[in-house]
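First comes the structure, then the notes that go with it.
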Amino acid sequence: MIYLELFWTFFTIGAFTFGGGYAMLPLIQIEVVNKGWLANEAVVNFIAVSESTPGPFAINMATYVGSEMGGVLGAACATLGVVMPSFIIILIVAKCYDRFKKSKLVKGAMSGLKPAVIGMIGTAVLSIGKTVFVQPGLLFSAVLFGVMAVLAFRKVHPIIIICISAAAGILAGILGI
C-alpha cells in the first residue's frame with residue numbers, strides 16, 4: 001500500500017499549502033522524516049540538489065521520495081499526488097474567477113494568504129538553516145553563505161554561484177570541514 005500512502009501524503013501536502021514548493025517544504029520535511037522515508041540530512045541534501053536541477057521543487061521532491069520508496073510507480077504516485085490538488089484548484093478557479101474577482105471576500109482571502117505563505121517560507125529557511133548551520137563547519141557555512149549573498153546582490157549569474165558553491169562544498173568535503 002506504499003503507492004496509496006505516497007499519493008495521499010503528497011496529495012495532502014499539495015492541497016494544504018499555498019505559495020509553491022518553498023511553502024510546501026516544512027510539510028514535506030515533517031511528513032517524509034516522520035514516516036521514515038528519508039533522514040533529515042537527506043532532505044536537506046536533496047533540497048540542495050533540487051535547487052540546481054530543472055523543475056519545480058515540490059515535484060522534484062515528490063518524484064525523488066516516490067522513487068526511493070516505490071520505484072517508478074511510487075514516483076508516479078507521489079508526483080501525481082502533489083500536482084493533483086493544484087490542477088483541480090486551477091480548474092475550479094478558472095471556471096469561477098470572472099464571477100468572483102471583484103469580491104471583497106476573495107480579495108480578503110488572498111490578502112490573508114500572502115503573510116501565511118511568507119511565514120511558511122520563513123519556517124523552511126529556519127528549519128533548513130538549523131540543519132545546515134548547526135554543525136562542525138559552522139564558520140565555513142556562514143562564510144560561504146555571506147560570499148554567495150554578496151555575489152547574488154551583485155547580480156552574478158546564478159549558474160556561476162551554483163558552480164562556486166558546489167566547488168566550495170566539494171573542497172570542504174575533501175578537507176573534512
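Letters A, B, ... mark the chains of the C-alpha cells in the order given; residue numbers begin at 1 per chain; ligand numbers begin at 1, in order shown.
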
task: Determine, counting only C-alpha atoms, which protein, DNA and RNA residues have an atom within 7 Å of an atom of Ala58 in chain A; residues of the same chain fewer than 4 positions away are not included. Present the result as number ranges by chain.
output: A: 21, 24, 62

task: Enumerate, as a count of residues only, the complete set of residues in range 10-107 of chain A that a backbone-based DSSP assignment places in alpha helix (DSSP H).
output: 81

query: Which distance in Å separates CA of Phe7 in chain A and CA of Cys96 in chain A, to one decimal?
result: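 Distance reported for this atom pair: 27.4 Å.
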
field: Selected residue of minimal separation from Ala166 in chain A among A:Lys107, A:Glu51, A:Phe153, A:Phe100, counting only C-alpha atoms
entry: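 Using only C-alpha atoms, Ala166 in chain A sits closest to A:Glu51.
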
Select from range 8-53 of chain A every residue with an atom at most 12 Å from any atom of range 114-122 of chain A, then for each give the shortest pair of atoms and their distance in Å to one decimal, using only C-alpha atoms, rows by chain and rising number, as CSV.
residue,atom,partner,partner_atom,distance
A:Phe16,CA,A:Val117,CA,11.3
A:Thr17,CA,A:Val117,CA,8.1
A:Phe18,CA,A:Val117,CA,6.3
A:Gly19,CA,A:Val117,CA,5.5
A:Gly20,CA,A:Val117,CA,8.7
A:Gly21,CA,A:Ile121,CA,9.0
A:Tyr22,CA,A:Ile121,CA,5.5
A:Ala23,CA,A:Met120,CA,4.9
A:Met24,CA,A:Met120,CA,7.5
A:Leu25,CA,A:Ile121,CA,7.7
A:Pro26,CA,A:Met120,CA,7.1
A:Leu27,CA,A:Met120,CA,9.2
A:Ile28,CA,A:Met120,CA,11.7

task: Might you pull out every residue within 10 Å of Ala172 in chain A, with only C-alpha atoms counted and same-chain residues fewer than 5 positions away left off, and present them as a ChimeraX atom specification?
output: /A:137,140-141,166-167,177

Can you write just those residues out, C-alpha atoms, as a PDB file, in the first residue's frame?
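Heads up, here's the output in result-v8.pdb:
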ATOM      1  CA  GLY A 137      31.631  23.557   9.756  1.00  0.00           C
ATOM      2  CA  PHE A 140      32.672  27.698   6.788  1.00  0.00           C
ATOM      3  CA  SER A 141      28.913  27.609   6.158  1.00  0.00           C
ATOM      4  CA  ALA A 166      29.435  23.213  -5.448  1.00  0.00           C
ATOM      5  CA  ALA A 167      33.214  23.597  -5.734  1.00  0.00           C
ATOM      6  CA  ILE A 177      35.172  20.691   7.254  1.00  0.00           C
TER       7      ILE A 177
END

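Between Thr12 in chain A and the residues A:Ala149, A:Leu113, A:Val33, A:Val82, the shortest atom-to-atom distance, using only C-alpha atoms, involves A:Val82.
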
query: In Å, with one decimal, what is the gap from CA of Ser86 in chain A to CA of Ser127 in chain A?
result: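 The value is 24.8 Å.
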